[in-house]
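K.L.:
File my_file-v5.cif below, mmCIF, C-alpha atoms:
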```cif
data_my_file
loop_
_atom_site.group_PDB
_atom_site.id
_atom_site.type_symbol
_atom_site.label_atom_id
_atom_site.label_comp_id
_atom_site.auth_asym_id
_atom_site.auth_seq_id
_atom_site.Cartn_x
_atom_site.Cartn_y
_atom_site.Cartn_z
ATOM 1 C CA MET A 1 40.337 46.242 -2.054
ATOM 2 C CA THR A 2 40.027 43.239 0.240
ATOM 3 C CA ASP A 3 37.232 42.787 2.764
ATOM 4 C CA LEU A 4 39.763 43.374 5.550
ATOM 5 C CA GLU A 5 40.957 46.623 3.971
ATOM 6 C CA LYS A 6 37.375 47.824 3.590
ATOM 7 C CA ALA A 7 36.440 46.842 7.144
ATOM 8 C CA SER A 8 39.599 48.463 8.543
ATOM 9 C CA GLY A 9 38.971 51.682 6.637
ATOM 10 C CA ASP A 10 35.342 51.740 7.733
ATOM 11 C CA LEU A 11 36.340 51.214 11.365
ATOM 12 C CA LEU A 12 38.904 54.004 11.255
ATOM 13 C CA GLU A 13 36.347 56.328 9.680
ATOM 14 C CA ARG A 14 33.793 55.481 12.381
ATOM 15 C CA LEU A 15 36.372 55.925 15.140
ATOM 16 C CA THR A 16 37.440 59.265 13.685
ATOM 17 C CA GLN A 17 33.802 60.421 13.649
ATOM 18 C CA VAL A 18 33.191 59.319 17.226
ATOM 19 C CA LEU A 19 36.391 60.962 18.479
ATOM 20 C CA GLU A 20 35.546 64.194 16.662
ATOM 21 C CA GLU A 21 32.099 64.267 18.309
ATOM 22 C CA ARG A 22 33.393 63.342 21.749
ATOM 23 C CA LYS A 23 36.187 65.893 21.859
ATOM 24 C CA LYS A 24 33.483 68.581 21.872
ATOM 25 C CA GLY A 25 31.598 66.868 24.691
ATOM 26 C CA ASP A 26 31.488 67.407 28.420
ATOM 27 C CA PRO A 27 34.813 66.490 30.063
ATOM 28 C CA GLU A 28 32.835 65.142 33.022
ATOM 29 C CA HIS A 29 31.178 62.529 30.789
ATOM 30 C CA SER A 30 33.687 61.874 28.000
ATOM 31 C CA TYR A 31 37.225 60.576 28.350
ATOM 32 C CA VAL A 32 38.149 62.043 24.951
ATOM 33 C CA ALA A 33 36.720 65.445 25.894
ATOM 34 C CA LYS A 34 38.601 65.254 29.202
ATOM 35 C CA LEU A 35 41.905 64.640 27.398
ATOM 36 C CA HIS A 36 41.266 67.529 25.001
ATOM 37 C CA HIS A 37 40.229 69.775 27.875
ATOM 38 C CA LYS A 38 43.484 68.988 29.726
ATOM 39 C CA GLY A 39 45.462 69.809 26.583
ATOM 40 C CA GLN A 40 48.084 68.302 24.361
ATOM 41 C CA ASP A 41 50.441 67.416 27.223
ATOM 42 C CA ALA A 42 47.814 65.086 28.729
ATOM 43 C CA ILE A 43 47.362 63.359 25.384
ATOM 44 C CA LEU A 44 51.117 63.038 24.907
ATOM 45 C CA LYS A 45 51.493 61.617 28.416
ATOM 46 C CA LYS A 46 48.936 58.903 27.582
ATOM 47 C CA ILE A 47 50.776 58.074 24.358
ATOM 48 C CA GLY A 48 54.002 57.738 26.325
ATOM 49 C CA GLU A 49 52.332 55.492 28.905
ATOM 50 C CA GLU A 50 50.704 53.297 26.277
ATOM 51 C CA SER A 51 53.983 53.031 24.348
ATOM 52 C CA CYS A 52 55.784 51.808 27.460
ATOM 53 C CA GLU A 53 52.992 49.340 28.240
ATOM 54 C CA LEU A 54 53.230 47.974 24.699
ATOM 55 C CA VAL A 55 56.986 47.549 25.018
ATOM 56 C CA MET A 56 56.559 45.689 28.312
ATOM 57 C CA ALA A 57 53.824 43.440 26.894
ATOM 58 C CA SER A 58 56.115 42.541 24.019
ATOM 59 C CA LYS A 59 59.065 41.878 26.325
ATOM 60 C CA ASP A 60 56.757 39.602 28.372
ATOM 61 C CA GLN A 61 55.818 37.718 25.189
ATOM 62 C CA ASP A 62 52.139 38.280 26.058
ATOM 63 C CA ARG A 63 50.368 38.274 22.698
ATOM 64 C CA ALA A 64 46.964 39.252 24.115
ATOM 65 C CA LYS A 65 48.484 42.219 25.942
ATOM 66 C CA VAL A 66 50.423 43.210 22.824
ATOM 67 C CA VAL A 67 47.125 43.439 20.951
ATOM 68 C CA ALA A 68 45.380 45.290 23.804
ATOM 69 C CA GLU A 69 48.227 47.760 24.320
ATOM 70 C CA THR A 70 48.540 48.364 20.575
ATOM 71 C CA ALA A 71 44.823 49.171 20.519
ATOM 72 C CA ASP A 72 45.339 51.624 23.393
ATOM 73 C CA LEU A 73 48.278 53.246 21.612
ATOM 74 C CA TRP A 74 46.378 53.529 18.340
ATOM 75 C CA PHE A 75 43.360 54.982 20.163
ATOM 76 C CA HIS A 76 45.417 57.675 21.853
ATOM 77 C CA SER A 77 47.259 58.367 18.587
ATOM 78 C CA LEU A 78 43.871 58.992 16.965
ATOM 79 C CA VAL A 79 43.031 61.380 19.811
ATOM 80 C CA LEU A 80 46.302 63.228 19.131
ATOM 81 C CA LEU A 81 45.530 63.411 15.425
ATOM 82 C CA GLY A 82 42.198 65.012 16.324
ATOM 83 C CA TRP A 83 44.018 67.523 18.532
ATOM 84 C CA HIS A 84 45.893 68.638 15.404
ATOM 85 C CA GLY A 85 42.781 68.638 13.220
ATOM 86 C CA LEU A 86 44.004 65.535 11.408
ATOM 87 C CA GLN A 87 42.348 62.190 10.786
ATOM 88 C CA ALA A 88 43.298 58.554 10.377
ATOM 89 C CA ALA A 89 42.821 59.072 6.633
ATOM 90 C CA ASP A 90 45.801 61.438 6.649
ATOM 91 C CA VAL A 91 48.024 58.725 8.109
ATOM 92 C CA LEU A 92 46.618 56.113 5.744
ATOM 93 C CA ALA A 93 47.386 58.389 2.795
ATOM 94 C CA GLU A 94 50.985 58.723 3.996
ATOM 95 C CA LEU A 95 51.311 54.958 4.434
ATOM 96 C CA ASP A 96 49.851 54.456 0.970
ATOM 97 C CA ARG A 97 52.377 56.934 -0.440
ATOM 98 C CA ARG A 98 55.171 54.905 1.129
ATOM 99 C CA MET A 99 53.822 51.568 -0.095
ATOM 100 C CA GLY A 100 56.285 49.823 -2.346
ATOM 101 C CA LEU A 101 59.206 52.010 -1.265
ATOM 102 C CA SER A 102 62.152 50.553 0.531
ATOM 103 C CA GLY A 103 62.065 51.784 4.103
ATOM 104 C CA LEU A 104 65.709 52.746 3.824
ATOM 105 C CA VAL A 105 65.107 54.718 0.616
ATOM 106 C CA GLU A 106 61.999 56.420 2.047
ATOM 107 C CA LYS A 107 63.862 57.436 5.191
ATOM 108 C CA ALA A 108 66.831 58.758 3.193
ATOM 109 C CA ASN A 109 64.481 60.872 1.045
ATOM 110 C CA ARG A 110 62.833 62.633 4.012
ATOM 111 C CA THR A 111 63.575 66.295 4.422
ATOM 112 C CA LYS A 112 65.098 67.183 7.763
#
```
Show me this structure written as structure tokens.

P.N.:
Amino acid sequence: MTDLEKASGDLLERLTQVLEERKKGDPEHSYVAKLHHKGQDAILKKIGEESCELVMASKDQDRAKVVAETADLWFHSLVLLGWHGLQAADVLAELDRRMGLSGLVEKANRTK
């Protein structure tokens, strides 16, 4: 495992922990708790907004905004995972499972 892989995994674990703690917090004092309190639709709306902002940043060829908007999208995706009782580790395990597979082969093998 490279230093980057270790650091990335550690960061995702720390973020997952923080999000898990904050979703149980006071919606008046925690953005994550506020999203959870509003429900899944509020989380999904934020994911939609962040996805559109990422697309626009890319179309504008703004590399700094692409990074910032990707971070926002990933953050809200982690919030959604928490809504479902899932963690970043679940996604990483799926990506690891797919590693080395042709994307076309992997997609063709998915059950509908």

K.L.:
In Å, with one decimal, what is the gap from CA of Ala88 in chain A to CA of Lys38 in chain A?

P.N.:
22.0 Å

K.L.:
Counting all atoms listed in the file, which of A:Val32, A:Met99, A:Ala89, A:Leu44 gets nearest to Leu11 in chain A?

P.N.:
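When distances to Leu11 in chain A are compared using all atoms listed in the file, the smallest one comes from A:Ala89.
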
K.L.:
Please measure the separation of CA of Glu13 in chain A and CA of Trp74 in chain A, giving the value in Å to one decimal.

P.N.:
13.5 Å

K.L.:
Skipping near chain neighbours, those fewer than 5 positions away, what residues fall within 12 Å of His84 in chain A using only C-alpha atoms, listed as a JSON list (two decimals) with C-alpha atoms, in the coordinates of the input?

P.N.:
```json
[["chain", "number", "residue", "atom", "x", "y", "z"],
["A", 20, "GLU", "CA", 35.55, 64.19, 16.66],
["A", 23, "LYS", "CA", 36.19, 65.89, 21.86],
["A", 36, "HIS", "CA", 41.27, 67.53, 25.00],
["A", 39, "GLY", "CA", 45.46, 69.81, 26.58],
["A", 40, "GLN", "CA", 48.08, 68.30, 24.36],
["A", 43, "ILE", "CA", 47.36, 63.36, 25.38],
["A", 77, "SER", "CA", 47.26, 58.37, 18.59],
["A", 78, "LEU", "CA", 43.87, 58.99, 16.96],
["A", 79, "VAL", "CA", 43.03, 61.38, 19.81],
["A", 90, "ASP", "CA", 45.80, 61.44, 6.65]]
```

K.L.:
Tell me which protein, DNA and RNA residues are within 8 Å of range 46-60 of chain A, counting all atoms listed in the file, leaving out same-chain ones fewer than 5 positions away, and put them as a ChimeraX atom specification.

P.N.:
/A:65-66,69-70,72-73,76-77

K.L.:
In Å, how far is it from CA of Tyr31 in chain A to CA of Leu19 in chain A?

P.N.:
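A separation of 9.9 Å between them.
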
K.L.:
Which one is closest to Gln17 in chain A: A:Gln61, A:Gln87, A:Ser102, A:Asn109? Count only C-alpha atoms.

P.N.:
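Among the listed residues, the smallest separation from Gln17 in chain A belongs to A:Gln87.
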
K.L.:
With only C-alpha atoms as the basis for distance, which of A:Leu80, A:Leu101, A:Val18, A:Ala64 is at the shortest distance from Asp41 in chain A?

P.N.:
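Closest candidate: A:Leu80.
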
K.L.:
Report, as AutoDock Vina command-line options, the axis-aligned box around all atoms of range 49-68 of chain A present in the file, extended by 6 Å on each side; give centre and edge lengths in Å to one decimal place.

P.N.:
```
--center_x 52.2 --center_y 46.6 --center_z 24.9 --size_x 25.7 --size_y 29.8 --size_z 20.0
```
